[in-house]
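Just below is one structure, and these are the notes that go with it.
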Amino acid sequence: MATEETLVLVKPDGVARGLTGAILARIEAKGYALVDLRLVEPDRERLERHYAEHEGKPFYEPLLEFMMSGPSVAIRLAGNRVIEGFRSLAGTTDPTTAAPGTIRGDLGRDWGLKVQQNLVHGSDSTESAARELEIWFG
Ligand code: DAT
Ligand code: MG
């Protein structure tokens with residue numbers, strides 16, 4: 001048993017489409033614990049820190065614009081191997097090809113090139129989780 005914490009974001013498309021509850025239901029059904037949760041409208045500086053690893057990539061600017069288009073729900077989530085487990089629950093990055101049964105596969109829309117509108121973010125490692133939890137929760 002390795003209890004750990006991760007940062008989950010319900011991104012602006014998830015909040016705008018009214019899917020926050022549906023996404024939280026999946027998270028809770030899995031048995032993960034909500035440690036903290038808040039509605040956030042991040043400024044550019046916070047998003048630049050959050051997405052630092054993607055700076056310079058073609059999708060970076062559209063991604064930041066999208067993330068500033070409306071509020072996100074930030075969640076501090078705890079559970080056994082929750083970092084890996086939540087990413088499994090979320091599904092692969094592009095909702096078009098994410099597996100059925102996952103959040104992105106079941107609820108994500110086929111937006112074509114707008115891959116950034118994939119409903120959720122989840123930290124990808126213990127280092128990322130610590131860094132991102134600091135950015136969103138201080
Ligand atoms: P993930 O969110 O699955 O960890 P990532 O960290 O590689 O994916 O990328 C961060 C976000 O950037 C992702 O959720 C959506 C967007 N993105 C990634 N690759 C993209 C691409 N090829 N085109 C457009 N947006 C992309
Ligand atoms: Mg990522």
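Identifiers in this document derive from the order of the structure tokens: chains are assigned A, B, ..., residues are numbered from 1 separately in each chain, and ligands are numbered from 1 in order of occurrence.
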Distance filter 9 Å around ligand 2, atoms: only C-alpha atoms and all ligand atoms, out as a list in words: Tyr51, Glu53, His54, Thr93, His121, Gly122, Ser123, Asp124 and Ser128 of chain A
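A distance search around ligand 1 (9 Å at most, only C-alpha atoms and all ligand atoms) returns the following protein and nucleic acid residues: Tyr51, Glu53, His54, Lys57, Pro58, Phe59, Tyr60, Pro62, Leu63, Leu64, Arg87, Ala90, Gly91, Thr92, Thr93, Asp94, Leu113, Lys114, Val115, Gln116, Gln117, Asn118, Leu119, Val120, His121, Gly122, Ser123 and Asp124 of chain A.
Using only C-alpha atoms, the shortest contact distance between Ile83 in chain A and any of A:Leu19, A:Ile135, A:Ala25, A:Ala129 is found at A:Ala129.
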task: Return as an MDAnalysis selection string the full set of residues in chain A whose backbone-based DSSP assignment is strand (DSSP E or B).
output: chainID A and resid 3:10 33:40 72:80 120:122
query: With distances taken over only C-alpha atoms, which of A:Pro42, A:Pro100, A:Gly138, A:Gly85 is nearest to Ser72 in chain A?
result: A:Pro42
- request: Just the residues within 9 Å of Arg44 in chain A, please, counting only C-alpha atoms, with nothing from its chain fewer than 4 positions along; format it as a list of chain:residue names.
  value: A:Glu48, A:Arg49, A:Leu64, A:Glu65, A:Met67, A:Met68
- prompt: Tell me, which residues of range 35-109 of chain A carry DSSP helix (DSSP H, G or I), written as an MDAnalysis selection string?
  reply: chainID A and resid 44:50 52:54 60:67 82:90 103:107
So that I can see what lies close to Asp110 in chain A, please list as a CSV table (one decimal) with C-alpha atoms, in the first residue's frame the residues with an atom at most 9 Å from it, counting only C-alpha atoms and leaving out residues fewer than 6 positions away in the same chain.
```csv
chain,number,residue,atom,x,y,z
A,94,ASP,CA,-6.5,12.5,-27.3
A,95,PRO,CA,-10.2,11.9,-26.5
A,96,THR,CA,-10.7,10.7,-30.1
A,97,THR,CA,-8.7,7.5,-29.4
```
field: Interatomic distance, CA of Arg46 in chain A to CA of Arg81 in chain A (Å, one decimal)
entry: 26.2 Å
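When only C-alpha atoms are used to compute distances to Val35 in chain A, the closest of the residues A:Ile103, A:Ala130, A:Leu7, A:Ala98 turns out to be A:Leu7.
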message: Would you pick out the contacts of Arg76 in chain A at 7 Å or less, using only C-alpha atoms, so that residues sharing its chain but fewer than 6 positions from it are not included, and give the list as a list in words?
response: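 Skipping anything fewer than 6 positions along the chain leaves Glu5, Thr6, Leu7, Val8, Leu34, Val35, Asp36 and Leu37 of chain A.
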message: Let me make sure I understand: among A:Leu77, A:Leu89, A:Leu47, A:Leu107, which one has the smallest atom-to-atom distance to Thr3 in chain A if we use only C-alpha atoms?
response: A:Leu77
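Proximity of A:Ala74, A:Leu24, A:Ala52, A:Val82 to Lys11 in chain A, computed with only C-alpha atoms, is greatest for A:Ala74.
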